[in-house]
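Peer 1: Sending over a structure as structure tokens; questions will come in a sec.
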Amino acid sequence: MTKSSEEVLEGVLSAINELTVNQNLNQALDHAVRLVGQTFNSDCFLSKISLENNKWISNIHHSWMRIPDDQRVARNQNLVISTFGDISSRLRDGEIITLKYSEAKKKLKKHFDETGGKSVLLVPILIEEELWGMLSMSDIEDERNWPKSVRATLDSLATVISSKVRTKAYKSGLKKEIDRSKKALLNQNERYLSLIENVPGIIFRCKNDSDWSMEFISSYVKSITGYEPIDFLDHKNGIHFNEIIHESDQLMAKEDVETQLVNGPHYRTTYRIITKNKEVKWLWEQGVQIIDNGEEYLEGCIVDISDRVSSHERVLSATLEAEERERSRISRNIHDNLQQLLITAHMNLTFLKKRQADFTSKEIQKYEIANEYLQKAIEESRSLSHKLMPKAIEDYGFEEAVEGLIENVDEVVDTKFLFYNNLKGEHLSAKVELCLFRITQEAMSNIIKFAQAKKCTIQLMKHEKTVILTIEDDGVGFDKSKVVMNAESFGLNSMKNRASSVGGQFFLDSQVGNGTQLTVEIPY
């Protein structure tokens, strides 16, 4: 399956991030090879190449295969690549090579036959301008063409691998090797910095403090936020990155990161920012916690996902609109057809009642039973029609619809529901009002079923740019960390999806024994 450029970018960034933060070289290379193989849906091998008796010998050190095959790996060990024409010399010159079965000569074609391969991409890994190894992408099904953009990306990854190997050599105390390769190392670092500056995302390092004070931030930050890197690096006269996060997401993002760091050094989070031009954007952040001289830092990358969030919102909106249209159609059919039929039947029974004098006692009893069940059917169909598409929403708006909900349950439940708003009779858009009503309906149902609350306050406040719905109860509460995507939390997921469908945010705060607060914020 062909992956999108964003998925490819995320895969390669994850591999680079793994190589950057993981101090265990072998583990980092294993994970990076796996991530790259999965990203390109291709078998991936990392081989060490050495010169022995004037022959260039290749041995696989790290591999990931879609279908594991130990024999295939074994056939590629101690492989004399210098017998395959000029491949070894081209790799030493830093050339990326594509080999295809249909174009291969005798010895190479025989090797393809033995390993079952159709095509392979070879990316050299150079250290001190000498061939150290190669990164291989192999396909056993197709003669794949690798575009220039992919080849350049894999070449950059090979550069990072080279830098990582060199760093490991440095830490192992190979001083002589380091002294001899200082110039090459500087060149490698320049290429690495060049890679960072050309990644379509923000690469950063910041203190894990309340402001997320930046120590390093790549120049791509201007493309996403409109601010220059120096704006975040100048802690005295500039701004902190936390200041551009949407005020409704600041606390949530901070808590999200801290909660994940309790279980390990890696984290992922999503939040909104306000750009320099006052534009709202959605960002996805992935990073790792680093302890440096006893101080905590966060390092990682940030990607603009606004387009994907908007697309997700449109799909949700269309799905829920279709659902509401179907509810409305069924509601009209019940009201216009079924209820009319039931009322007609009731009128005919009423007509028969005038002739009760001619009935036997048994016939009178049968009449009374039929009349009773018909009355219940009329009431039930009216109630069902109202639940599917409450007339109060269509005719009078959110304010009266919620008051009607509260009135219906006021005498039959122990929870006292209170409703406050500042709408003053003003209507919101029909889509937003229906969304908020469905969320309120679901929340009240959950409170009645599970909360054991004495009081619940429902509040809708319209501000200059947002509408905020808050539903707070004093019930038993629950442990948020144990709420997962299953049948029991279906109502919560439904409310979150409804908020997303109109571009809103859904927040939930609850603690065992301290009640629950639900907040929905929708742009106005």
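Letters A, B, ... go to the chains of the structure tokens in the order shown; residues in each chain start at 1; ligands are counted from 1 in the same order.
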Using only C-alpha atoms, which protein or nucleic acid residues come within 12 Å of Tyr227 of chain A? Drop anything in the same chain fewer than 5 positions from it, and give the result as a PyMOL selection string.
Peer 2: chain A and resi 217-222+232-233+238-241+244+274-278
Peer 1: Take the selection from the previous step and output its residues with N, CA and C atoms, as a compact mmCIF listing (two decimals), in the first residue's frame.
Peer 2:
# COMPACT_ATOMS: atom_id res chain seq x y z
N ILE A 217 15.85 25.78 18.42
CA ILE A 217 14.64 25.61 17.63
C ILE A 217 14.98 25.89 16.16
N SER A 218 14.57 25.00 15.27
CA SER A 218 14.95 25.12 13.87
C SER A 218 14.20 26.25 13.18
N SER A 219 14.73 26.69 12.06
CA SER A 219 14.19 27.87 11.37
C SER A 219 12.80 27.63 10.80
N TYR A 220 12.38 26.35 10.67
CA TYR A 220 11.05 26.08 10.11
C TYR A 220 9.94 26.60 11.02
N VAL A 221 10.32 26.99 12.24
CA VAL A 221 9.32 27.51 13.17
C VAL A 221 8.62 28.74 12.58
N LYS A 222 9.34 29.50 11.75
CA LYS A 222 8.71 30.70 11.17
C LYS A 222 7.59 30.31 10.20
N PHE A 232 12.01 33.00 20.27
CA PHE A 232 11.86 32.00 21.33
C PHE A 232 13.17 31.78 22.10
N LEU A 233 14.30 32.10 21.48
CA LEU A 233 15.60 31.86 22.12
C LEU A 233 16.02 33.02 23.00
N GLY A 238 12.14 38.12 24.26
CA GLY A 238 11.28 37.39 23.33
C GLY A 238 10.04 36.83 24.01
N ILE A 239 9.56 35.72 23.49
CA ILE A 239 8.37 35.07 24.04
C ILE A 239 8.70 33.60 24.30
N HIS A 240 7.93 32.98 25.16
CA HIS A 240 8.06 31.55 25.43
C HIS A 240 7.11 30.79 24.51
N PHE A 241 7.51 29.59 24.12
CA PHE A 241 6.66 28.81 23.21
C PHE A 241 5.29 28.53 23.84
N ILE A 244 2.26 30.88 22.95
CA ILE A 244 1.50 30.86 21.70
C ILE A 244 0.54 29.68 21.64
N ILE A 274 -1.82 29.84 18.45
CA ILE A 274 -2.23 31.08 17.79
C ILE A 274 -0.98 31.66 17.14
N THR A 275 -0.95 31.74 15.82
CA THR A 275 0.23 32.22 15.11
C THR A 275 0.38 33.73 15.27
N LYS A 276 1.47 34.24 14.76
CA LYS A 276 1.71 35.68 14.84
C LYS A 276 0.63 36.46 14.10
N ASN A 277 0.05 35.84 13.06
CA ASN A 277 -1.02 36.48 12.29
C ASN A 277 -2.41 36.15 12.83
N LYS A 278 -2.46 35.64 14.09
CA LYS A 278 -3.73 35.33 14.79
C LYS A 278 -4.49 34.17 14.12
Peer 1: Looking only at the backbone, which of the residues in segment 128-295 of chain A does DSSP tag as strand (DSSP E), as a PyMOL selection string?
Peer 2: chain A and resi 130-139+202-207+214-217+266-274+280-292+295
Peer 1: How about saving the chosen residues, N, CA and C atoms kept, as a tab-separated table (two decimals), in the first residue's frame?
Peer 2:
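Below is the file that was written, result38.tsv:
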chain	number	residue	atom	x	y	z
A	130	GLU	N	35.34	7.13	3.53
A	130	GLU	CA	35.60	5.72	3.24
A	130	GLU	C	34.30	4.94	3.40
A	131	LEU	N	34.15	3.87	2.60
A	131	LEU	CA	32.92	3.07	2.65
A	131	LEU	C	32.90	2.24	3.94
A	132	TRP	N	31.93	2.53	4.81
A	132	TRP	CA	31.77	1.79	6.07
A	132	TRP	C	30.71	0.70	5.95
A	133	GLY	N	29.64	0.99	5.20
A	133	GLY	CA	28.55	0.03	5.08
A	133	GLY	C	27.51	0.54	4.10
A	134	MET	N	26.34	-0.09	4.11
A	134	MET	CA	25.27	0.37	3.22
A	134	MET	C	23.91	0.04	3.82
A	135	LEU	N	22.94	0.88	3.48
A	135	LEU	CA	21.53	0.68	3.83
A	135	LEU	C	20.83	0.16	2.59
A	136	SER	N	20.20	-1.03	2.69
A	136	SER	CA	19.59	-1.67	1.52
A	136	SER	C	18.09	-1.76	1.68
A	137	MET	N	17.33	-1.36	0.66
A	137	MET	CA	15.89	-1.53	0.61
A	137	MET	C	15.60	-2.56	-0.49
A	138	SER	N	15.05	-3.72	-0.10
A	138	SER	CA	14.90	-4.83	-1.04
A	138	SER	C	13.43	-5.19	-1.22
A	139	ASP	N	13.03	-5.49	-2.45
A	139	ASP	CA	11.66	-5.88	-2.77
A	139	ASP	C	11.69	-7.23	-3.47
A	202	ILE	N	9.27	21.42	13.01
A	202	ILE	CA	10.11	22.14	13.96
A	202	ILE	C	10.91	21.13	14.78
A	203	ILE	N	12.24	21.20	14.70
A	203	ILE	CA	13.11	20.41	15.57
A	203	ILE	C	13.51	21.32	16.73
A	204	PHE	N	13.41	20.80	17.98
A	204	PHE	CA	13.61	21.70	19.12
A	204	PHE	C	14.28	20.98	20.28
A	205	ARG	N	14.81	21.78	21.18
A	205	ARG	CA	15.28	21.35	22.50
A	205	ARG	C	14.89	22.46	23.48
A	206	CYS	N	14.17	22.09	24.54
A	206	CYS	CA	13.72	23.10	25.50
A	206	CYS	C	13.85	22.55	26.92
A	207	LYS	N	13.87	23.47	27.87
A	207	LYS	CA	13.83	23.07	29.27
A	207	LYS	C	12.42	22.57	29.60
A	214	MET	N	12.96	27.56	25.22
A	214	MET	CA	13.71	26.94	24.12
A	214	MET	C	15.22	27.18	24.26
A	215	GLU	N	15.98	26.09	24.05
A	215	GLU	CA	17.43	26.16	23.98
A	215	GLU	C	17.88	26.08	22.52
A	216	PHE	N	17.12	25.38	21.70
A	216	PHE	CA	17.37	25.29	20.26
A	216	PHE	C	16.03	25.11	19.56
A	217	ILE	N	15.85	25.78	18.42
A	217	ILE	CA	14.64	25.61	17.63
A	217	ILE	C	14.98	25.89	16.16
A	266	HIS	N	9.45	8.99	26.61
A	266	HIS	CA	8.87	9.43	25.34
A	266	HIS	C	7.44	9.93	25.54
A	267	TYR	N	7.03	10.86	24.68
A	267	TYR	CA	5.67	11.39	24.76
A	267	TYR	C	5.20	11.86	23.38
A	268	ARG	N	3.88	11.95	23.23
A	268	ARG	CA	3.25	12.54	22.05
A	268	ARG	C	2.05	13.35	22.52
A	269	THR	N	1.80	14.49	21.88
A	269	THR	CA	0.64	15.29	22.26
A	269	THR	C	0.19	16.14	21.08
A	270	THR	N	-1.04	16.61	21.15
A	270	THR	CA	-1.63	17.44	20.10
A	270	THR	C	-2.28	18.66	20.75
A	271	TYR	N	-2.09	19.83	20.15
A	271	TYR	CA	-2.66	21.05	20.71
A	271	TYR	C	-2.77	22.12	19.62
A	272	ARG	N	-3.46	23.21	19.96
A	272	ARG	CA	-3.61	24.34	19.03
A	272	ARG	C	-2.67	25.48	19.42
A	273	ILE	N	-2.26	26.25	18.43
A	273	ILE	CA	-1.48	27.47	18.70
A	273	ILE	C	-2.17	28.65	18.01
A	274	ILE	N	-1.82	29.84	18.45
A	274	ILE	CA	-2.23	31.08	17.79
A	274	ILE	C	-0.98	31.66	17.14
A	280	VAL	N	-5.36	30.15	13.87
A	280	VAL	CA	-5.34	28.96	14.73
A	280	VAL	C	-4.82	27.77	13.92
A	281	LYS	N	-3.82	27.08	14.47
A	281	LYS	CA	-3.28	25.88	13.82
A	281	LYS	C	-3.20	24.73	14.81
A	282	TRP	N	-3.35	23.52	14.28
A	282	TRP	CA	-3.21	22.30	15.08
A	282	TRP	C	-1.80	21.75	14.89
A	283	LEU	N	-1.12	21.41	16.00
A	283	LEU	CA	0.23	20.86	15.94
A	283	LEU	C	0.27	19.49	16.62
A	284	TRP	N	1.11	18.61	16.06
A	284	TRP	CA	1.39	17.28	16.65
A	284	TRP	C	2.84	17.28	17.07
A	285	GLU	N	3.10	16.94	18.34
A	285	GLU	CA	4.46	16.98	18.89
A	285	GLU	C	4.87	15.61	19.39
A	286	GLN	N	6.09	15.21	19.05
A	286	GLN	CA	6.66	13.97	19.55
A	286	GLN	C	8.03	14.29	20.11
A	287	GLY	N	8.35	13.78	21.30
A	287	GLY	CA	9.63	14.10	21.89
A	287	GLY	C	10.06	13.11	22.94
A	288	VAL	N	11.18	13.44	23.59
A	288	VAL	CA	11.76	12.56	24.61
A	288	VAL	C	12.35	13.44	25.70
A	289	GLN	N	12.32	12.95	26.92
A	289	GLN	CA	12.89	13.67	28.05
A	289	GLN	C	14.37	13.31	28.19
A	290	ILE	N	15.23	14.32	28.31
A	290	ILE	CA	16.67	14.13	28.45
A	290	ILE	C	17.11	14.77	29.77
A	291	ILE	N	17.93	14.05	30.52
A	291	ILE	CA	18.53	14.62	31.74
A	291	ILE	C	19.96	15.01	31.41
A	292	ASP	N	20.28	16.29	31.48
A	292	ASP	CA	21.60	16.79	31.14
A	292	ASP	C	22.13	17.61	32.32
A	295	GLU	N	19.58	18.52	34.89
A	295	GLU	CA	18.44	19.36	34.49
A	295	GLU	C	17.63	18.64	33.41
Peer 1: Between A:Gly404, A:Gly503, A:Gly425, A:Gly477, which residue has the minimum interatomic distance to Phe437 of chain A, considering only C-alpha atoms?
Peer 2: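 Using only C-alpha atoms, the shortest distance to Phe437 of chain A belongs to A:Gly404.
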Peer 1: Quick one: of A:Ile49, A:Ile406, A:Leu298, A:Val257, who's nearest to Ser213 of chain A, counting only C-alpha atoms?
Peer 2: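 Counting only C-alpha atoms, the residue closest to Ser213 of chain A is A:Leu298.
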Peer 1: Quick one: pull the distance between atom CA of Asn446 of chain A and atom CA of Phe398 of chain A, Å, one decimal.
Peer 2: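 Between these atoms lies a distance of 19.5 Å.
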Peer 1: Can you tell me which residues surround Leu121 of chain A at a distance of at most 12 Å, considering only C-alpha atoms, apart from same-chain residues fewer than 3 positions away, and format the answer as a ChimeraX atom specification?
Peer 2: /A:40,42-46,87,91,95-101,117-118,124,134-139,143-148,150-151,154-155
Peer 1: Create the file for the chosen residues now, containing N, CA and C atoms and written as an mmCIF file, in the first residue's frame.
Peer 2:
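This went into part.cif:
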data_model
loop_
_atom_site.group_PDB
_atom_site.id
_atom_site.type_symbol
_atom_site.label_atom_id
_atom_site.label_comp_id
_atom_site.auth_asym_id
_atom_site.auth_seq_id
_atom_site.Cartn_x
_atom_site.Cartn_y
_atom_site.Cartn_z
ATOM 1 N N PHE A 40 8.439 2.249 4.192
ATOM 2 C CA PHE A 40 8.456 2.050 2.746
ATOM 3 C C PHE A 40 7.927 0.675 2.335
ATOM 4 N N SER A 42 9.084 -2.264 2.713
ATOM 5 C CA SER A 42 10.160 -2.928 1.996
ATOM 6 C C SER A 42 11.094 -3.584 3.007
ATOM 7 N N ASP A 43 11.717 -4.727 2.623
ATOM 8 C CA ASP A 43 12.725 -5.339 3.477
ATOM 9 C C ASP A 43 13.916 -4.392 3.584
ATOM 10 N N CYS A 44 14.402 -4.199 4.793
ATOM 11 C CA CYS A 44 15.478 -3.222 5.021
ATOM 12 C C CYS A 44 16.648 -3.905 5.728
ATOM 13 N N PHE A 45 17.866 -3.697 5.201
ATOM 14 C CA PHE A 45 19.068 -4.306 5.778
ATOM 15 C C PHE A 45 20.123 -3.217 5.985
ATOM 16 N N LEU A 46 20.838 -3.309 7.104
ATOM 17 C CA LEU A 46 21.990 -2.466 7.345
ATOM 18 C C LEU A 46 23.218 -3.371 7.386
ATOM 19 N N ILE A 87 29.901 -2.304 -8.669
ATOM 20 C CA ILE A 87 29.031 -1.872 -7.569
ATOM 21 C C ILE A 87 29.846 -1.327 -6.399
ATOM 22 N N LEU A 91 29.728 2.517 -4.885
ATOM 23 C CA LEU A 91 29.351 2.785 -3.494
ATOM 24 C C LEU A 91 30.430 3.601 -2.791
ATOM 25 N N GLU A 95 27.726 6.866 -4.444
ATOM 26 C CA GLU A 95 26.578 6.796 -5.357
ATOM 27 C C GLU A 95 25.483 5.892 -4.795
ATOM 28 N N ILE A 96 24.237 6.339 -4.890
ATOM 29 C CA ILE A 96 23.084 5.498 -4.541
ATOM 30 C C ILE A 96 22.722 4.673 -5.769
ATOM 31 N N ILE A 97 22.621 3.354 -5.595
ATOM 32 C CA ILE A 97 22.484 2.441 -6.734
ATOM 33 C C ILE A 97 21.150 1.705 -6.668
ATOM 34 N N THR A 98 20.457 1.636 -7.817
ATOM 35 C CA THR A 98 19.254 0.818 -7.949
ATOM 36 C C THR A 98 19.569 -0.382 -8.842
ATOM 37 N N LEU A 99 19.275 -1.589 -8.345
ATOM 38 C CA LEU A 99 19.510 -2.822 -9.099
ATOM 39 C C LEU A 99 18.176 -3.522 -9.342
ATOM 40 N N LYS A 100 17.937 -3.966 -10.595
ATOM 41 C CA LYS A 100 16.706 -4.658 -10.952
ATOM 42 C C LYS A 100 17.027 -6.001 -11.594
ATOM 43 N N TYR A 101 16.183 -6.962 -11.353
ATOM 44 C CA TYR A 101 16.406 -8.315 -11.864
ATOM 45 C C TYR A 101 16.495 -8.311 -13.379
ATOM 46 N N GLY A 117 14.922 -12.097 -4.915
ATOM 47 C CA GLY A 117 14.718 -10.664 -5.020
ATOM 48 C C GLY A 117 14.343 -10.214 -6.424
ATOM 49 N N LYS A 118 13.670 -9.081 -6.496
ATOM 50 C CA LYS A 118 13.314 -8.462 -7.778
ATOM 51 C C LYS A 118 14.032 -7.120 -7.977
ATOM 52 N N PRO A 124 25.004 4.073 0.212
ATOM 53 C CA PRO A 124 26.286 3.933 0.908
ATOM 54 C C PRO A 124 26.322 4.730 2.206
ATOM 55 N N MET A 134 26.340 -0.086 4.111
ATOM 56 C CA MET A 134 25.270 0.369 3.222
ATOM 57 C C MET A 134 23.910 0.039 3.820
ATOM 58 N N LEU A 135 22.939 0.878 3.482
ATOM 59 C CA LEU A 135 21.534 0.680 3.831
ATOM 60 C C LEU A 135 20.829 0.159 2.586
ATOM 61 N N SER A 136 20.200 -1.028 2.688
ATOM 62 C CA SER A 136 19.594 -1.673 1.516
ATOM 63 C C SER A 136 18.094 -1.763 1.685
ATOM 64 N N MET A 137 17.334 -1.361 0.657
ATOM 65 C CA MET A 137 15.885 -1.532 0.607
ATOM 66 C C MET A 137 15.596 -2.557 -0.487
ATOM 67 N N SER A 138 15.046 -3.715 -0.103
ATOM 68 C CA SER A 138 14.896 -4.828 -1.043
ATOM 69 C C SER A 138 13.429 -5.190 -1.224
ATOM 70 N N ASP A 139 13.035 -5.486 -2.453
ATOM 71 C CA ASP A 139 11.657 -5.878 -2.772
ATOM 72 C C ASP A 139 11.694 -7.234 -3.473
ATOM 73 N N GLU A 143 9.851 -4.786 -9.313
ATOM 74 C CA GLU A 143 11.031 -3.998 -9.658
ATOM 75 C C GLU A 143 10.686 -2.534 -9.398
ATOM 76 N N ARG A 144 10.909 -2.140 -8.169
ATOM 77 C CA ARG A 144 10.426 -0.842 -7.711
ATOM 78 C C ARG A 144 11.307 0.301 -8.209
ATOM 79 N N ASN A 145 10.651 1.418 -8.546
ATOM 80 C CA ASN A 145 11.360 2.655 -8.875
ATOM 81 C C ASN A 145 11.372 3.548 -7.643
ATOM 82 N N TRP A 146 12.523 4.087 -7.291
ATOM 83 C CA TRP A 146 12.661 4.917 -6.096
ATOM 84 C C TRP A 146 12.861 6.365 -6.524
ATOM 85 N N PRO A 147 11.905 7.253 -6.234
ATOM 86 C CA PRO A 147 12.019 8.652 -6.654
ATOM 87 C C PRO A 147 13.200 9.362 -6.000
ATOM 88 N N LYS A 148 13.603 10.482 -6.611
ATOM 89 C CA LYS A 148 14.742 11.237 -6.111
ATOM 90 C C LYS A 148 14.527 11.707 -4.672
ATOM 91 N N VAL A 150 12.871 10.278 -2.277
ATOM 92 C CA VAL A 150 13.076 9.162 -1.344
ATOM 93 C C VAL A 150 14.563 8.849 -1.221
ATOM 94 N N ARG A 151 15.270 8.861 -2.372
ATOM 95 C CA ARG A 151 16.707 8.575 -2.353
ATOM 96 C C ARG A 151 17.450 9.617 -1.510
ATOM 97 N N LEU A 154 16.738 8.919 2.227
ATOM 98 C CA LEU A 154 17.514 7.786 2.733
ATOM 99 C C LEU A 154 18.996 8.137 2.825
ATOM 100 N N ASP A 155 19.488 8.980 1.903
ATOM 101 C CA ASP A 155 20.876 9.435 1.982
ATOM 102 C C ASP A 155 21.103 10.243 3.253
#
Peer 1: May I ask which of the residues A:Glu247, A:Leu79, A:Ile447, A:Ile67 is the closest one to Ser47 of chain A, counting only C-alpha atoms?
Peer 2: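 Using only C-alpha atoms, the shortest distance to Ser47 of chain A belongs to A:Leu79.
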Peer 1: Between A:Gln38, A:Thr115, A:Asn78, A:Ser248, which residue has the minimum interatomic distance to Glu52 of chain A, considering only C-alpha atoms?
Peer 2: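 For Glu52 of chain A, the nearest of the candidates is A:Asn78.
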Peer 1: Write out as a ChimeraX atom specification which residues come within 12 Å of Asn41 of chain A when counting only C-alpha atoms, dropping same-chain ones fewer than 5 positions away.
Peer 2: /A:1-3,7-8,11,33-36,64-67,137-142,144
Peer 1: Save the residues we just selected, C-alpha atoms, as a PDB file, in the first residue's frame?
Peer 2:
ATOM      1  CA  MET A   1       0.000   0.000   0.000  1.00  0.00           C
ATOM      2  CA  THR A   2       1.418   3.394  -1.045  1.00  0.00           C
ATOM      3  CA  LYS A   3       1.882   5.715   1.892  1.00  0.00           C
ATOM      4  CA  GLU A   7       3.346   9.186   6.672  1.00  0.00           C
ATOM      5  CA  VAL A   8       6.761   8.768   5.008  1.00  0.00           C
ATOM      6  CA  GLY A  11       8.402   7.344   9.619  1.00  0.00           C
ATOM      7  CA  VAL A  33      15.876  -0.184  10.308  1.00  0.00           C
ATOM      8  CA  ARG A  34      12.459  -1.491  11.390  1.00  0.00           C
ATOM      9  CA  LEU A  35      10.830   1.957  11.191  1.00  0.00           C
ATOM     10  CA  VAL A  36      12.264   2.629   7.709  1.00  0.00           C
ATOM     11  CA  TRP A  64      13.742  -6.036   9.169  1.00  0.00           C
ATOM     12  CA  MET A  65      11.718  -8.169   6.734  1.00  0.00           C
ATOM     13  CA  ARG A  66       8.031  -8.192   5.942  1.00  0.00           C
ATOM     14  CA  ILE A  67       8.241 -11.993   5.900  1.00  0.00           C
ATOM     15  CA  MET A 137      15.885  -1.532   0.607  1.00  0.00           C
ATOM     16  CA  SER A 138      14.896  -4.828  -1.043  1.00  0.00           C
ATOM     17  CA  ASP A 139      11.657  -5.878  -2.772  1.00  0.00           C
ATOM     18  CA  ILE A 140      10.940  -9.555  -3.540  1.00  0.00           C
ATOM     19  CA  GLU A 141       7.781  -8.848  -5.540  1.00  0.00           C
ATOM     20  CA  ASP A 142       8.297  -5.835  -7.813  1.00  0.00           C
ATOM     21  CA  ARG A 144      10.426  -0.842  -7.711  1.00  0.00           C
TER      22      ARG A 144
END
Peer 1: Could you list, as number ranges by chain, every residue within 8 Å of Met461 of chain A, counting only C-alpha atoms and ignoring same-chain residues fewer than 3 positions away?
Peer 2: A: 421-423, 467-469
Peer 1: For a quick check of understanding, using only C-alpha atoms, which of A:Thr259, A:Gln23, A:Ser102, A:Asn54 has the smallest distance to Lys164 of chain A?
Peer 2: A:Gln23
Peer 1: Could you name the residues that touch Asn53 of chain A at 12 Å or less, counting only C-alpha atoms, but leaving out those on the same chain fewer than 3 positions away, as a PyMOL selection string?
Peer 2: chain A and resi 50+56-57+80+82
Peer 1: Okay, now the selection with C-alpha atoms, as a PDB file, in the first residue's frame?
Peer 2:
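This went into out-v3.pdb:
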ATOM      1  CA  SER A  50      35.057  -4.451   4.797  1.00  0.00           C
ATOM      2  CA  TRP A  56      34.856  -6.093  -0.681  1.00  0.00           C
ATOM      3  CA  ILE A  57      32.827  -8.263   1.725  1.00  0.00           C
ATOM      4  CA  VAL A  80      31.634 -10.654  -2.129  1.00  0.00           C
ATOM      5  CA  SER A  82      33.209  -6.811  -5.763  1.00  0.00           C
TER       6      SER A  82
END
Peer 1: Taking the chain letters and numbering used in this document, name the residues of segment 427-510 of chain A that DSSP puts in helix (DSSP H, G or I), as number ranges by chain.
Peer 2: A: 430-451, 480-482, 487-501
Peer 1: Of the residues A:Val432, A:Thr415, A:Leu19, A:Glu426, which is the one nearest to Asp473 of chain A, using only C-alpha atoms?
Peer 2: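 Distance minimum relative to Asp473 of chain A lands on A:Thr415.
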